[in-house]
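Source file: start21.pdb (PDB, C-alpha atoms, pLDDT in the B column)
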ATOM      1  CA  MET T  20     107.352  73.337 203.670  1.00 66.00           C
ATOM      2  CA  ILE T  21     108.595  75.843 206.245  1.00 71.00           C
ATOM      3  CA  HIS T  22     110.370  74.427 209.249  1.00 62.00           C
ATOM      4  CA  PRO T  23     110.311  76.277 212.557  1.00 65.00           C
ATOM      5  CA  PRO T  24     113.676  77.687 213.607  1.00 66.00           C
ATOM      6  CA  GLN T  25     115.834  75.218 215.485  1.00 62.00           C
ATOM      7  CA  PRO T  26     116.928  76.178 218.977  1.00 70.00           C
ATOM      8  CA  ASN T  27     120.581  76.891 219.484  1.00 80.00           C
ATOM      9  CA  LEU T  28     122.728  74.145 221.008  1.00 79.00           C
ATOM     10  CA  GLN T  29     122.672  75.786 224.423  1.00 79.00           C
ATOM     11  CA  THR T  30     118.861  75.829 224.461  1.00 81.00           C
ATOM     12  CA  ALA T  31     118.498  72.293 223.113  1.00 82.00           C
ATOM     13  CA  LEU T  32     120.940  70.911 225.683  1.00 83.00           C
ATOM     14  CA  GLY T  33     119.221  72.876 228.414  1.00 83.00           C
ATOM     15  CA  HIS T  34     115.859  71.272 227.599  1.00 86.00           C
ATOM     16  CA  GLU T  35     117.345  67.780 227.422  1.00 88.00           C
ATOM     17  CA  LEU T  36     119.255  68.225 230.676  1.00 89.00           C
ATOM     18  CA  LYS T  37     116.186  69.577 232.462  1.00 91.00           C
ATOM     19  CA  HIS T  38     114.212  66.489 231.413  1.00 92.00           C
ATOM     20  CA  GLU T  39     116.956  63.986 232.311  1.00 94.00           C
ATOM     21  CA  LEU T  40     117.767  65.656 235.630  1.00 95.00           C
ATOM     22  CA  ALA T  41     114.096  65.568 236.687  1.00 95.00           C
ATOM     23  CA  ILE T  42     113.972  61.822 235.983  1.00 95.00           C
ATOM     24  CA  THR T  43     117.247  61.276 237.837  1.00 97.00           C
ATOM     25  CA  ARG T  44     116.041  63.202 240.860  1.00 97.00           C
ATOM     26  CA  ARG T  45     112.928  60.987 241.058  1.00 96.00           C
ATOM     27  CA  VAL T  46     115.203  57.933 241.118  1.00 97.00           C
ATOM     28  CA  LEU T  47     117.508  59.432 243.765  1.00 98.00           C
ATOM     29  CA  GLU T  48     114.529  60.330 245.977  1.00 98.00           C
ATOM     30  CA  ARG T  49     113.951  56.590 246.447  1.00 98.00           C
ATOM     31  CA  VAL T  50     117.452  55.877 247.825  1.00 98.00           C
ATOM     32  CA  PRO T  51     117.114  55.185 251.582  1.00 98.00           C
ATOM     33  CA  THR T  52     119.884  56.444 253.855  1.00 98.00           C
ATOM     34  CA  GLU T  53     119.812  53.233 255.914  1.00 98.00           C
ATOM     35  CA  GLN T  54     120.738  51.242 252.773  1.00 98.00           C
ATOM     36  CA  PHE T  55     123.706  53.424 251.654  1.00 98.00           C
ATOM     37  CA  GLY T  56     126.178  50.647 252.505  1.00 97.00           C
ATOM     38  CA  TRP T  57     124.299  47.924 250.605  1.00 98.00           C
ATOM     39  CA  ARG T  58     125.817  46.505 247.425  1.00 97.00           C
ATOM     40  CA  PRO T  59     124.358  43.838 245.128  1.00 97.00           C
ATOM     41  CA  HIS T  60     127.736  42.199 244.509  1.00 97.00           C
ATOM     42  CA  ALA T  61     131.268  42.444 245.912  1.00 96.00           C
ATOM     43  CA  LYS T  62     132.431  44.096 242.666  1.00 97.00           C
ATOM     44  CA  SER T  63     129.576  46.634 242.668  1.00 97.00           C
ATOM     45  CA  MET T  64     129.549  50.132 244.116  1.00 97.00           C
ATOM     46  CA  SER T  65     127.534  50.528 247.284  1.00 98.00           C
ATOM     47  CA  LEU T  66     124.142  52.173 246.959  1.00 98.00           C
ATOM     48  CA  GLY T  67     125.403  55.350 248.642  1.00 98.00           C
ATOM     49  CA  THR T  68     128.526  55.530 246.480  1.00 97.00           C
ATOM     50  CA  LEU T  69     126.517  55.085 243.280  1.00 98.00           C
ATOM     51  CA  ALA T  70     123.957  57.683 244.356  1.00 98.00           C
ATOM     52  CA  GLY T  71     126.707  60.134 245.352  1.00 97.00           C
ATOM     53  CA  HIS T  72     128.464  59.574 242.043  1.00 95.00           C
ATOM     54  CA  MET T  73     125.251  60.385 240.190  1.00 96.00           C
ATOM     55  CA  ALA T  74     124.749  63.571 242.198  1.00 95.00           C
ATOM     56  CA  ASN T  75     128.346  64.670 241.618  1.00 93.00           C
ATOM     57  CA  LEU T  76     128.918  63.741 237.986  1.00 90.00           C
ATOM     58  CA  ILE T  77     126.576  66.403 236.639  1.00 87.00           C
ATOM     59  CA  GLY T  78     129.118  68.871 238.006  1.00 85.00           C
ATOM     60  CA  PHE T  79     131.548  67.813 235.267  1.00 79.00           C
ATOM     61  CA  LEU T  80     129.591  69.781 232.691  1.00 81.00           C
ATOM     62  CA  GLU T  81     129.672  72.887 234.844  1.00 84.00           C
ATOM     63  CA  MET T  82     133.435  72.408 235.332  1.00 83.00           C
ATOM     64  CA  SER T  83     133.961  71.951 231.618  1.00 84.00           C
ATOM     65  CA  LEU T  84     132.095  75.164 230.842  1.00 85.00           C
ATOM     66  CA  GLN T  85     134.112  77.214 233.327  1.00 84.00           C
ATOM     67  CA  GLY T  86     137.628  76.513 232.146  1.00 86.00           C
ATOM     68  CA  ALA T  87     139.781  74.697 229.622  1.00 90.00           C
ATOM     69  CA  ALA T  88     140.789  71.923 232.041  1.00 92.00           C
ATOM     70  CA  PHE T  89     140.135  70.370 235.434  1.00 90.00           C
ATOM     71  CA  ASP T  90     143.111  69.041 237.382  1.00 92.00           C
ATOM     72  CA  LEU T  91     142.282  66.191 239.735  1.00 90.00           C
ATOM     73  CA  ALA T  92     145.654  66.637 241.470  1.00 93.00           C
ATOM     74  CA  THR T  93     144.817  70.133 242.691  1.00 92.00           C
ATOM     75  CA  ASN T  94     141.022  69.999 242.939  1.00 87.00           C
ATOM     76  CA  LYS T  95     139.467  67.666 245.483  1.00 83.00           C
ATOM     77  CA  MET T  96     136.320  65.888 244.462  1.00 80.00           C
ATOM     78  CA  PRO T  97     133.502  66.264 247.011  1.00 86.00           C
ATOM     79  CA  ASP T  98     132.881  63.522 249.544  1.00 89.00           C
ATOM     80  CA  ASN T  99     129.800  61.396 249.019  1.00 90.00           C
ATOM     81  CA  PRO T 100     126.687  62.638 250.813  1.00 95.00           C
ATOM     82  CA  ALA T 101     125.909  60.829 254.068  1.00 96.00           C
ATOM     83  CA  THR T 102     122.100  60.906 253.894  1.00 97.00           C
ATOM     84  CA  THR T 103     119.347  60.968 251.301  1.00 98.00           C
ATOM     85  CA  ALA T 104     118.576  64.580 252.247  1.00 98.00           C
ATOM     86  CA  ASP T 105     122.244  65.523 251.707  1.00 97.00           C
ATOM     87  CA  LEU T 106     122.239  63.600 248.426  1.00 97.00           C
ATOM     88  CA  LEU T 107     119.222  65.470 247.098  1.00 98.00           C
ATOM     89  CA  ALA T 108     120.574  68.815 248.288  1.00 97.00           C
ATOM     90  CA  ARG T 109     123.883  68.133 246.489  1.00 95.00           C
ATOM     91  CA  PHE T 110     122.069  67.053 243.338  1.00 96.00           C
ATOM     92  CA  ASP T 111     119.837  70.145 243.403  1.00 97.00           C
ATOM     93  CA  VAL T 112     122.782  72.528 243.870  1.00 95.00           C
ATOM     94  CA  ASN T 113     124.757  70.834 241.087  1.00 93.00           C
ATOM     95  CA  ALA T 114     121.722  70.893 238.780  1.00 94.00           C
ATOM     96  CA  GLU T 115     121.101  74.592 239.439  1.00 93.00           C
ATOM     97  CA  ASN T 116     124.786  75.422 238.920  1.00 90.00           C
ATOM     98  CA  LEU T 117     124.773  73.383 235.718  1.00 87.00           C
ATOM     99  CA  HIS T 118     121.768  75.230 234.306  1.00 86.00           C
ATOM    100  CA  GLN T 119     123.336  78.591 235.196  1.00 87.00           C
ATOM    101  CA  ALA T 120     126.675  77.647 233.604  1.00 85.00           C
ATOM    102  CA  LEU T 121     124.850  76.487 230.494  1.00 84.00           C
ATOM    103  CA  ALA T 122     122.916  79.767 230.297  1.00 83.00           C
ATOM    104  CA  ASP T 123     126.175  81.725 230.488  1.00 84.00           C
ATOM    105  CA  VAL T 124     127.965  80.015 227.583  1.00 84.00           C
ATOM    106  CA  SER T 125     127.731  80.506 223.825  1.00 85.00           C
ATOM    107  CA  ASP T 126     127.222  77.738 221.307  1.00 84.00           C
ATOM    108  CA  ASP T 127     130.748  78.312 219.997  1.00 87.00           C
ATOM    109  CA  ALA T 128     132.188  77.306 223.370  1.00 88.00           C
ATOM    110  CA  PHE T 129     130.861  73.772 222.852  1.00 86.00           C
ATOM    111  CA  ASN T 130     133.399  73.248 220.072  1.00 89.00           C
ATOM    112  CA  ASP T 131     136.320  74.069 222.380  1.00 92.00           C
ATOM    113  CA  ILE T 132     138.404  71.262 223.814  1.00 94.00           C
ATOM    114  CA  TRP T 133     138.168  70.528 227.525  1.00 92.00           C
ATOM    115  CA  SER T 134     140.699  68.350 229.338  1.00 94.00           C
ATOM    116  CA  LEU T 135     140.673  66.298 232.493  1.00 92.00           C
ATOM    117  CA  THR T 136     144.169  66.134 233.933  1.00 94.00           C
ATOM    118  CA  HIS T 137     146.053  64.775 236.903  1.00 95.00           C
ATOM    119  CA  GLY T 138     149.055  67.025 237.323  1.00 96.00           C
ATOM    120  CA  ASP T 139     150.987  67.044 234.066  1.00 96.00           C
ATOM    121  CA  LYS T 140     149.204  63.930 232.761  1.00 97.00           C
ATOM    122  CA  THR T 141     146.194  64.479 230.478  1.00 97.00           C
ATOM    123  CA  LEU T 142     143.577  61.817 231.170  1.00 95.00           C
ATOM    124  CA  LEU T 143     141.270  62.909 228.370  1.00 92.00           C
ATOM    125  CA  SER T 144     140.624  65.805 226.030  1.00 95.00           C
ATOM    126  CA  LEU T 145     137.243  66.175 224.366  1.00 91.00           C
ATOM    127  CA  PRO T 146     135.166  68.857 222.696  1.00 92.00           C
ATOM    128  CA  ARG T 147     132.636  70.143 225.195  1.00 88.00           C
ATOM    129  CA  THR T 148     129.826  68.654 223.101  1.00 87.00           C
ATOM    130  CA  ALA T 149     131.335  65.223 223.824  1.00 89.00           C
ATOM    131  CA  VAL T 150     131.663  66.107 227.508  1.00 88.00           C
ATOM    132  CA  VAL T 151     127.929  66.863 227.581  1.00 86.00           C
ATOM    133  CA  ARG T 152     126.994  63.666 225.797  1.00 87.00           C
ATOM    134  CA  THR T 153     129.475  61.071 227.102  1.00 87.00           C
ATOM    135  CA  MET T 154     130.672  62.289 230.484  1.00 85.00           C
ATOM    136  CA  VAL T 155     127.373  63.733 231.638  1.00 88.00           C
ATOM    137  CA  LEU T 156     124.212  62.579 229.865  1.00 91.00           C
ATOM    138  CA  ASN T 157     125.146  59.063 228.743  1.00 93.00           C
ATOM    139  CA  HIS T 158     127.093  58.469 231.948  1.00 94.00           C
ATOM    140  CA  LEU T 159     124.177  59.653 234.084  1.00 95.00           C
ATOM    141  CA  ILE T 160     121.657  57.559 232.154  1.00 95.00           C
ATOM    142  CA  HIS T 161     123.913  54.495 232.501  1.00 97.00           C
ATOM    143  CA  HIS T 162     124.143  54.889 236.278  1.00 97.00           C
ATOM    144  CA  ARG T 163     120.430  55.653 236.554  1.00 97.00           C
ATOM    145  CA  GLY T 164     119.816  52.255 234.962  1.00 96.00           C
ATOM    146  CA  GLN T 165     122.116  50.647 237.516  1.00 97.00           C
ATOM    147  CA  MET T 166     120.304  52.456 240.304  1.00 98.00           C
ATOM    148  CA  SER T 167     116.913  51.229 239.096  1.00 97.00           C
ATOM    149  CA  VAL T 168     118.242  47.654 239.341  1.00 97.00           C
ATOM    150  CA  TYR T 169     119.561  48.343 242.853  1.00 98.00           C
ATOM    151  CA  LEU T 170     116.129  49.678 243.848  1.00 98.00           C
ATOM    152  CA  ARG T 171     114.389  46.635 242.378  1.00 97.00           C
ATOM    153  CA  LEU T 172     116.735  44.261 244.244  1.00 97.00           C
ATOM    154  CA  LEU T 173     115.964  46.119 247.487  1.00 98.00           C
ATOM    155  CA  ASP T 174     112.219  45.862 246.731  1.00 97.00           C
ATOM    156  CA  ILE T 175     111.926  49.644 246.536  1.00 97.00           C
ATOM    157  CA  ALA T 176     109.398  50.967 244.016  1.00 96.00           C
ATOM    158  CA  VAL T 177     111.139  51.951 240.773  1.00 96.00           C
ATOM    159  CA  PRO T 178     109.844  55.255 239.408  1.00 95.00           C
ATOM    160  CA  ALA T 179     108.699  55.716 235.840  1.00 93.00           C
ATOM    161  CA  ILE T 180     111.706  56.647 233.712  1.00 93.00           C
ATOM    162  CA  TYR T 181     110.932  56.461 229.968  1.00 91.00           C
ATOM    163  CA  GLY T 182     107.387  55.259 230.284  1.00 88.00           C
ATOM    164  CA  GLY T 183     105.983  53.305 233.174  1.00 89.00           C
ATOM    165  CA  SER T 184     107.716  50.905 235.485  1.00 91.00           C
ATOM    166  CA  ALA T 185     106.212  47.840 237.147  1.00 91.00           C
ATOM    167  CA  ASP T 186     105.544  50.146 240.111  1.00 93.00           C
ATOM    168  CA  GLU T 187     104.502  53.467 238.624  1.00 89.00           C
ATOM    169  CA  ALA T 188     102.692  54.942 235.640  1.00 85.00           C
ATOM    170  CA  PRO T 189     104.573  57.564 233.633  1.00 77.00           C
ATOM    171  CA  LYS T 190     104.511  61.163 234.905  1.00 70.00           C
ATOM    172  CA  ARG T 191     102.522  63.407 232.615  1.00 65.00           C
TER     173      ARG T 191
END
Translate this structure into C-alpha cells?
Amino acid sequence: MIHPPQPNLQTALGHELKHELAITRRVLERVPTEQFGWRPHAKSMSLGTLAGHMANLIGFLEMSLQGAAFDLATNKMPDNPATTADLLARFDVNAENLHQALADVSDDAFNDIWSLTHGDKTLLSLPRTAVVRTMVLNHLIHHRGQMSVYLRLLDIAVPAIYGGSADEAPKR
C-alpha cells in the first residue's frame, strides 16, 4: 500500500491552526461589549479579560518563532481590547501575523528551545513544538471551552465548535 506523502510540520500546524482559529473567531464574535465586565464567579476572569486573553495568546507562537526568548520584564503585553470590534481586530491581526511567522520558519526550528523569562529569571523553556501545542493550541481550546460556558450563562447562542451546539448546526 502506498501512502501519500505527509505534509511537513509547518504545513500540518498551519492547517490545524487555521481550523482552530476560525472556530475561535466564531466564538469571539458572540462576545458583547456591554458584557465585558461580567464574570460568572468572583474567582473567574471577566468576560472581556478572558476574550482579550484568547485574542492575545495566539501571539505567543509568533513570538516564539521570532526569537529564542521573550522577556516579560522588557516587553509589555498589550492591553485588553475595549470593544468587541477591537477584540476581533486584535485577533485577526494576531492570526495573520501567526500564519506569516509560521510560513517563514523551517521544520527544524520547531525543535529549538524557546524561553519565557522575566529579567534574569527563566519562567519556562520548551521546544517550539511544545509551545505550539501547550501554550497556544491546548491553551486556546481550554479558554474557548470556558468562553462557551460564559456565553451559555449569559443566554447568548453558543456557536458550533466540534459538531453542533444546542443553538447551531455545525458549519460545513
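Of note, CA of Arg163 (chain T) and CA of Gln85 (chain T) are spaced 25.7 Å apart.
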Open item on the list: My list of candidates is T:Leu170, T:Ala74, T:Ala31, T:Ala188. Which is closest to Glu115 (chain T) when distances are computed with all atoms listed in the file?
Closed with: T:Ala74
TODO: Could you check how far CA of Ala88 (chain T) sits from CA of Ser134 (chain T), in Å to one decimal?
DONE: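 Between CA of Ala88 (chain T) and CA of Ser134 (chain T) the gap works out to 4.5 Å.
Among T:Met166, T:Ile21, T:Ala104, T:Ile42, the residue with the shortest atom-to-atom distance to Pro189 (chain T), counting all atoms listed in the file, is T:Ile42.
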Task: From T:Glu53, T:Asp123, T:Asp111, T:Asp105, residue lying nearest Gly78 (chain T) [only C-alpha atoms] - done: T:Asp111
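Using all atoms listed in the file, the residues found no farther than 8 Å from Leu47 (chain T), other than those of its own chain fewer than 4 positions away, are Thr43, Ala70, Thr103, Leu106 and Leu107 of chain T.
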For the interface of region 41-111 of chain T with region 174-180 of chain T (cut-off 10 Å, counting all atoms listed in the file), please tabulate each contacting residue of region 41-111 of chain T alongside its nearest pair of atoms and their separation in Å to one decimal, rows sorted by chain and increasing number, as a Markdown table.
| residue | atom | partner | partner_atom | distance |
| --- | --- | --- | --- | --- |
| T:Ala41 | CA | T:Ile180 | CA | 9.7 |
| T:Ile42 | CA | T:Ile180 | CA | 6.1 |
| T:Thr43 | CA | T:Ile180 | CA | 8.3 |
| T:Arg45 | CA | T:Pro178 | CA | 6.7 |
| T:Val46 | CA | T:Pro178 | CA | 6.2 |
| T:Leu47 | CA | T:Pro178 | CA | 9.8 |
| T:Glu48 | CA | T:Pro178 | CA | 9.5 |
| T:Arg49 | CA | T:Ile175 | CA | 7.2 |
| T:Val50 | CA | T:Ile175 | CA | 8.4 |
| T:Pro51 | CA | T:Ile175 | CA | 9.1 |
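If only C-alpha atoms are the atoms counted, then among T:Leu80, T:Leu135, T:Val168, T:Leu143 the closest residue to His118 (chain T) is T:Leu80.
Among the candidate residues T:Gln29, T:Asp127, T:His162, T:Ile132, the one lying nearest to Gly71 (chain T) is T:His162, with distances computed using all atoms listed in the file.
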